[in-house]
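K.L.:
Here you go, this is model13.cif (mmCIF, C-alpha atoms).
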data_entry
loop_
_atom_site.label_atom_id
_atom_site.label_comp_id
_atom_site.auth_asym_id
_atom_site.auth_seq_id
_atom_site.Cartn_x
_atom_site.Cartn_y
_atom_site.Cartn_z
CA MET A 1 -2.65 8.83 7.30
CA LEU A 2 -3.90 10.94 10.18
CA GLN A 3 -1.61 13.83 9.24
CA VAL A 4 -3.00 13.84 5.71
CA ALA A 5 -6.61 13.47 6.88
CA ARG A 6 -6.16 16.67 8.90
CA LEU A 7 -5.84 18.57 5.62
CA ALA A 8 -9.45 17.72 4.75
CA ARG A 9 -10.59 20.79 6.67
CA THR A 10 -9.35 22.96 3.81
CA GLN A 11 -11.86 21.26 1.51
CA LEU A 12 -14.72 20.98 4.03
CA ARG A 13 -14.39 24.57 5.26
CA ASP A 14 -17.61 25.49 7.12
CA SER A 15 -18.97 21.95 6.70
CA ALA A 16 -16.35 20.56 9.09
CA GLY A 17 -18.71 21.36 11.96
CA LEU A 18 -21.40 19.13 10.47
CA ALA A 19 -18.91 16.28 10.12
CA ILE A 20 -17.92 16.66 13.78
CA GLN A 21 -21.59 16.59 14.81
CA PHE A 22 -22.18 13.43 12.81
CA LEU A 23 -19.13 11.65 14.22
CA SER A 24 -20.04 12.66 17.77
CA SER A 25 -23.55 11.29 17.23
CA GLN A 26 -22.02 7.87 16.51
CA ARG A 27 -20.76 7.46 20.08
CA ASN A 28 -22.53 5.02 22.37
CA PRO A 29 -22.78 5.43 26.16
CA ASP A 30 -20.23 2.63 26.70
CA GLY A 31 -17.53 4.67 24.95
CA GLY A 32 -17.50 2.81 21.63
CA PHE A 33 -18.59 4.05 18.22
CA ARG A 34 -21.49 2.47 16.36
CA ASN A 35 -21.38 0.00 13.53
CA ARG A 36 -24.17 -0.05 10.97
CA ASP A 37 -26.41 -1.99 13.35
CA GLY A 38 -25.94 0.61 16.09
CA ALA A 39 -23.77 -1.57 18.34
CA SER A 40 -20.39 -0.43 19.63
CA ASP A 41 -17.60 -1.92 17.53
CA LEU A 42 -13.83 -1.61 17.86
CA TYR A 43 -13.46 -1.37 14.09
CA TYR A 44 -15.74 1.66 13.84
CA THR A 45 -14.33 3.09 17.05
CA VAL A 46 -10.89 3.44 15.44
CA PHE A 47 -12.39 5.38 12.54
CA GLY A 48 -14.47 7.51 14.89
CA ILE A 49 -11.48 8.46 17.02
CA GLU A 50 -9.23 9.22 14.08
CA ALA A 51 -11.85 11.20 12.17
CA LEU A 52 -12.50 13.39 15.22
CA ARG A 53 -8.78 13.86 15.73
CA ALA A 54 -8.34 14.77 12.06
CA LEU A 55 -10.97 17.49 12.48
CA ASP A 56 -9.36 18.77 15.71
CA ALA A 57 -12.56 17.94 17.57
CA GLU A 58 -12.95 16.98 21.20
CA VAL A 59 -12.46 13.23 21.71
CA PRO A 60 -14.09 11.61 24.79
CA PHE A 61 -10.92 9.80 25.86
CA ASP A 62 -12.15 8.82 29.35
CA SER A 63 -15.13 6.83 28.09
CA ILE A 64 -13.03 5.34 25.27
CA VAL A 65 -10.46 4.05 27.78
CA THR A 66 -13.25 2.35 29.70
CA TYR A 67 -14.49 0.76 26.48
CA LEU A 68 -11.02 -0.47 25.49
CA ARG A 69 -10.37 -1.95 28.93
CA SER A 70 -13.49 -4.06 28.55
CA PHE A 71 -11.61 -6.15 25.95
CA GLY A 72 -8.80 -7.02 28.34
CA GLU A 73 -5.90 -8.61 26.45
CA GLY A 74 -8.02 -9.27 23.37
CA ASP A 75 -8.46 -12.99 23.99
CA ALA A 76 -11.96 -13.05 22.47
CA LEU A 77 -11.15 -10.89 19.43
CA ASP A 78 -10.63 -11.94 15.83
CA PHE A 79 -7.55 -10.72 13.99
CA VAL A 80 -9.08 -7.55 12.51
CA HIS A 81 -10.52 -6.42 15.84
CA LEU A 82 -7.26 -7.34 17.58
CA ALA A 83 -5.42 -4.93 15.25
CA CYS A 84 -8.14 -2.36 15.91
CA LEU A 85 -7.65 -2.70 19.66
CA ALA A 86 -3.93 -1.98 19.20
CA ARG A 87 -4.73 0.99 16.99
CA ALA A 88 -7.32 2.43 19.34
CA TRP A 89 -4.89 2.31 22.28
CA ALA A 90 -2.28 4.05 20.10
CA ASP A 91 -4.77 6.80 19.28
CA LEU A 92 -5.04 7.81 22.94
CA PRO A 93 -2.78 10.35 24.66
CA ARG A 94 0.27 8.63 26.09
CA GLU A 95 -0.78 9.01 29.72
CA ARG A 96 -4.17 7.38 29.03
CA ALA A 97 -2.64 4.54 26.99
CA ALA A 98 -0.30 3.43 29.77
CA GLY A 99 -2.50 0.44 30.56
CA ALA A 100 -2.48 -1.02 27.03
CA PRO A 101 -1.71 -4.79 27.13
CA ARG A 102 1.09 -4.51 24.57
CA ARG A 103 2.93 -7.77 25.17
CA ALA A 104 -0.26 -9.80 25.20
CA LEU A 105 -1.46 -8.22 21.97
CA VAL A 106 1.88 -8.92 20.26
CA ALA A 107 1.69 -12.55 21.32
CA ARG A 108 -1.80 -12.84 19.89
CA LEU A 109 -0.76 -11.22 16.61
CA GLU A 110 1.93 -13.85 16.07
CA VAL A 111 -0.67 -16.61 16.26
CA HIS A 112 -1.79 -15.30 12.86
CA ARG A 113 1.62 -15.65 11.18
CA SER A 114 1.14 -17.75 8.06
CA GLY A 115 3.37 -20.48 6.69
CA ASP A 116 4.72 -18.24 3.92
CA GLY A 117 5.94 -15.56 6.36
CA GLY A 118 2.92 -13.29 6.02
CA TYR A 119 -0.20 -12.96 8.16
CA ASN A 120 -3.72 -14.26 7.78
CA ALA A 121 -6.93 -13.62 9.69
CA ALA A 122 -7.20 -17.40 10.14
CA PRO A 123 -4.58 -18.78 12.57
CA GLY A 124 -2.30 -21.45 11.14
CA SER A 125 -3.00 -20.57 7.52
CA PRO A 126 -0.35 -21.65 4.99
CA ARG A 127 -0.67 -18.35 3.08
CA GLY A 128 -1.02 -14.75 4.11
CA THR A 129 -3.03 -11.89 2.63
CA ALA A 130 -1.99 -8.34 1.78
CA TYR A 131 -4.71 -6.99 4.07
CA ALA A 132 -3.58 -9.06 7.06
CA CYS A 133 0.09 -8.19 6.48
CA PHE A 134 -0.85 -4.51 6.36
CA LEU A 135 -2.83 -4.76 9.60
CA ALA A 136 -0.11 -6.73 11.36
CA LEU A 137 2.70 -4.31 10.54
CA GLY A 138 0.49 -1.38 11.51
CA ALA A 139 -0.40 -3.05 14.82
CA TYR A 140 3.26 -3.64 15.67
CA GLN A 141 4.02 0.00 14.91
CA ASP A 142 1.03 1.13 16.98
CA LEU A 143 2.24 -0.97 19.91
CA GLY A 144 5.78 0.37 19.59
CA GLU A 145 7.17 -3.14 19.12
CA GLU A 146 9.48 -4.61 16.50
CA MET A 147 7.89 -7.22 14.26
CA PRO A 148 9.98 -10.41 14.19
CA GLU A 149 11.48 -10.93 10.74
CA PRO A 150 9.36 -8.36 8.90
CA HIS A 151 11.09 -9.13 5.61
CA ALA A 152 9.70 -12.65 5.81
CA MET A 153 6.50 -11.08 4.47
CA LEU A 154 8.13 -10.35 1.10
CA PRO A 155 7.67 -13.85 -0.41
CA CYS A 156 4.03 -13.73 0.69
CA LEU A 157 3.51 -10.40 -1.08
CA GLU A 158 5.31 -11.60 -4.19
CA ALA A 159 2.96 -14.57 -4.44
CA LEU A 160 -0.03 -12.21 -4.25
CA ARG A 161 0.94 -10.29 -7.40
CA ALA A 162 -1.85 -10.84 -9.92
CA ARG A 163 -1.24 -11.48 -13.59
CA ASP A 164 -2.45 -8.00 -14.56
CA GLY A 165 0.19 -6.37 -12.34
CA GLY A 166 -1.94 -5.52 -9.31
CA TYR A 167 -2.20 -7.44 -6.05
CA SER A 168 -4.89 -9.72 -4.72
CA ASN A 169 -5.52 -11.36 -1.36
CA GLN A 170 -5.17 -14.78 -3.00
CA PRO A 171 -2.19 -16.15 -4.94
CA GLY A 172 -2.58 -16.89 -8.63
CA ALA A 173 -5.27 -14.30 -9.30
CA GLU A 174 -5.85 -13.04 -12.82
CA THR A 175 -6.68 -9.50 -11.75
CA GLY A 176 -5.71 -7.40 -8.78
CA LEU A 177 -7.91 -5.43 -6.39
CA THR A 178 -7.36 -1.78 -5.59
CA PRO A 179 -7.23 -1.95 -1.74
CA PRO A 180 -4.80 -4.93 -1.63
CA THR A 181 -2.65 -3.27 -4.30
CA ALA A 182 -2.56 -0.06 -2.27
CA ALA A 183 -1.72 -2.08 0.86
CA ALA A 184 1.08 -3.95 -0.92
CA ALA A 185 2.60 -0.75 -2.28
CA THR A 186 2.58 0.77 1.20
CA LEU A 187 4.01 -2.38 2.79
CA LEU A 188 6.85 -2.59 0.29
CA ARG A 189 7.86 0.98 1.08
CA GLN A 190 7.68 0.28 4.82
CA LEU A 191 9.94 -2.75 4.31
CA GLY A 192 12.50 -0.67 2.45
CA GLN A 193 11.69 -2.12 -0.96
CA ALA A 194 11.23 -0.02 -4.09
CA PRO A 195 7.74 -0.79 -5.42
CA ASP A 196 7.41 -1.46 -9.13
CA PRO A 197 6.70 1.92 -10.85
CA ALA A 198 4.03 0.11 -12.85
CA LEU A 199 1.91 -0.02 -9.68
CA GLY A 200 1.27 3.70 -9.99
CA ARG A 201 0.02 3.28 -13.55
CA TRP A 202 -2.07 0.29 -12.48
CA LEU A 203 -3.76 2.29 -9.74
CA LEU A 204 -4.39 5.34 -11.92
CA ALA A 205 -6.03 3.08 -14.51
CA ARG A 206 -8.66 2.20 -11.90
CA CYS A 207 -9.91 5.79 -11.74
CA HIS A 208 -13.42 6.39 -13.12
CA ARG A 209 -13.60 9.08 -15.79
CA SER A 210 -16.06 10.96 -13.57
CA GLY A 211 -13.89 10.55 -10.47
CA GLY A 212 -13.35 7.92 -7.81
CA PHE A 213 -11.53 4.61 -8.05
CA PHE A 214 -12.95 1.17 -8.80
CA ALA A 215 -12.19 -1.80 -6.55
CA THR A 216 -11.61 -3.90 -9.69
CA ASP A 217 -11.76 -3.31 -13.42
CA GLN A 218 -15.06 -5.21 -13.33
CA SER A 219 -16.71 -3.02 -10.69
CA PRO A 220 -19.75 -1.10 -11.98
CA ILE A 221 -19.15 1.98 -9.81
CA PRO A 222 -16.25 3.51 -7.86
CA ASP A 223 -16.20 3.50 -4.06
CA LEU A 224 -14.72 5.61 -1.30
CA LEU A 225 -12.52 2.88 0.23
CA SER A 226 -10.79 2.22 -3.09
CA THR A 227 -10.49 5.95 -3.74
CA ALA A 228 -8.89 6.78 -0.39
CA THR A 229 -6.48 3.83 -0.37
CA ALA A 230 -5.47 4.40 -4.01
CA LEU A 231 -4.76 8.09 -3.41
CA HIS A 232 -2.78 7.24 -0.27
CA ALA A 233 -0.69 4.67 -2.12
CA LEU A 234 -0.12 6.98 -5.09
CA ALA A 235 1.13 9.69 -2.75
CA GLY A 236 3.55 7.22 -1.21
CA LEU A 237 4.74 6.21 -4.66
CA GLY A 238 5.29 9.84 -5.59
CA VAL A 239 2.81 9.65 -8.48
CA PRO A 240 1.10 12.99 -9.31
CA VAL A 241 -2.71 12.90 -9.28
CA ASP A 242 -3.31 16.32 -10.84
CA GLY A 243 -5.15 14.75 -13.77
CA VAL A 244 -7.76 13.08 -11.53
CA LYS A 245 -7.96 15.67 -8.75
CA GLU A 246 -11.05 17.62 -9.82
CA PRO A 247 -13.10 14.55 -10.86
CA CYS A 248 -12.25 12.86 -7.56
CA LEU A 249 -13.30 15.95 -5.61
CA ASP A 250 -16.60 15.89 -7.49
CA PHE A 251 -17.00 12.17 -6.71
CA ILE A 252 -16.45 12.68 -2.99
CA ASP A 253 -18.80 15.66 -2.98
CA SER A 254 -21.49 13.45 -4.53
CA LEU A 255 -21.27 11.16 -1.45
CA TRP A 256 -21.61 13.99 1.10
CA THR A 257 -24.84 14.47 3.06
CA ASN A 258 -26.03 17.40 5.09
CA ARG A 259 -26.01 15.10 8.13
CA GLY A 260 -22.22 15.46 8.08
CA GLY A 261 -21.29 11.96 6.94
CA PHE A 262 -20.30 10.37 3.63
CA TYR A 263 -21.73 7.36 1.84
CA GLY A 264 -19.34 4.64 0.73
CA SER A 265 -20.55 4.66 -2.88
CA TRP A 266 -23.46 5.75 -5.04
CA ALA A 267 -25.24 2.49 -4.14
CA ASP A 268 -24.87 3.00 -0.38
CA ASP A 269 -27.72 4.22 1.79
CA SER A 270 -26.12 4.15 5.26
CA LEU A 271 -23.64 6.47 6.94
CA ASP A 272 -20.88 5.44 9.31
CA CYS A 273 -17.55 6.54 10.79
CA GLU A 274 -15.51 4.34 8.47
CA TYR A 275 -16.44 5.94 5.17
CA THR A 276 -16.52 9.39 6.68
CA TYR A 277 -12.90 8.86 7.71
CA TYR A 278 -12.00 7.58 4.24
CA ALA A 279 -13.54 10.74 2.81
CA LEU A 280 -11.30 12.84 5.06
CA LEU A 281 -8.24 10.86 3.98
CA ALA A 282 -9.07 11.24 0.31
CA LEU A 283 -9.84 14.96 0.68
CA GLY A 284 -6.58 15.43 2.52
CA HIS A 285 -4.57 13.95 -0.33
CA LEU A 286 -6.51 16.01 -2.85
CA SER A 287 -5.66 19.14 -0.86
CA LEU A 288 -1.92 18.67 -1.29
#
Could you express the structure from this file as structure tokens?

P.N.:
Amino acid sequence: MLQVARLARTQLRDSAGLAIQFLSSQRNPDGGFRNRDGASDLYYTVFGIEALRALDAEVPFDSIVTYLRSFGEGDALDFVHLACLARAWADLPRERAAGAPRRALVARLEVHRSGDGGYNAAPGSPRGTAYACFLALGAYQDLGEEMPEPHAMLPCLEALRARDGGYSNQPGAETGLTPPTAAAATLLRQLGQAPDPALGRWLLARCHRSGGFFATDQSPIPDLLSTATALHALAGLGVPVDGVKEPCLDFIDSLWTNRGGFYGSWADDSLDCEYTYYALLALGHLSL
């Protein structure tokens, strides 16, 4: 993802400097990056680090290390922020990441293994979600550790296939959601499984005629998260996106501001590191 996001500079051209200024402005004195309330947040810190790295900008690694150390072994973190802590450590240069509590983080991840072999944000859950499985596998890879029985996630993913061919985060759903479908397609490839070719057609059908991807077929407007994850999954599936490239570029351009950040959708009125990173990812794929 980071390699592709680096290609966004070819689309941003001279505006890359504004994006770097915006991202740098989101840093707090404690080393973390701001959420939408202005507080430092591990989730937004991951996006801040990776967006700056994608733009080949200076990253304040020393203050970030101090921030990450404040979480210790992640005992007080929920599952999403636990995965973010693993990711943030992995984003640091090797010499600065030497103190990452890898074994402790792995042990905490396994608390979230679900009864069906997947992962769930709630410990002890009987069923996993596509989102949690995606985060768990990514966290193991970030920590340089082997996930125990990764293929045990396959029955969980199979149960999350919706009746319309996409994937949901709940079993038995009538319709799929774009981000879980993109996550499932990526997970299947990572697990050595050949995803159903119909997934590519399913994802492309979620593209708005004016550009951007819907989260569901009932969504009134497209959004940047769905757009970036769909494009990433389509690239992994080897599905050409030439037919939606120009409309998607127009959609992303419509979310750009001269402050250097990107809104998450046409209904959004706040800027943050997360959606700015998703814009870079989407632009990178559209640059290929």

K.L.:
For Pro180 in chain A, which residue out of A:Ser254, A:Ser219, A:Ser15, A:Thr229 is the nearest one, using only C-alpha atoms?

P.N.:
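Checking each candidate against Pro180 in chain A, we get A:Thr229 as the closest.
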
K.L.:
Give as a ChimeraX atom specification the set of residues within 9 Å of the point (-3.8, -13.9, 4.3), where distances use the file's coordinates and all atoms listed in the file.

P.N.:
/A:112-114,118-122,125-133,156,169-170

K.L.:
Starting from the shown file, work through the PyMOL selection byres ((chain A and resi 237) around 8) and note down what comes out as a list in words.

P.N.:
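This file, filtered by the PyMOL selection byres ((chain A and resi 237) around 8), leaves Ala185, Pro195, Pro197, Gly200, Ala233, Leu234, Ala235, Gly236, Gly238 and Val239 of chain A.
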
K.L.:
Which residues come within 8 Å of Tyr277 in chain A, counting only C-alpha atoms, excluding same-chain residues fewer than 2 positions away, as a PyMOL selection string?

P.N.:
chain A and resi 5+47-48+50-51+273-275+279-281

K.L.:
Which one is closest to Gly284 in chain A: A:Gly99, A:Lys245, A:Val46, A:Asp217? Count all atoms listed in the file.

P.N.:
A:Lys245

K.L.:
Take the PyMOL selection byres ((chain A and resi 54-60) around 7), run it mentally on this structure, and tell me the resulting residues as a PyMOL selection string.

P.N.:
chain A and resi 2+5-6+9+20+49-53+61-64
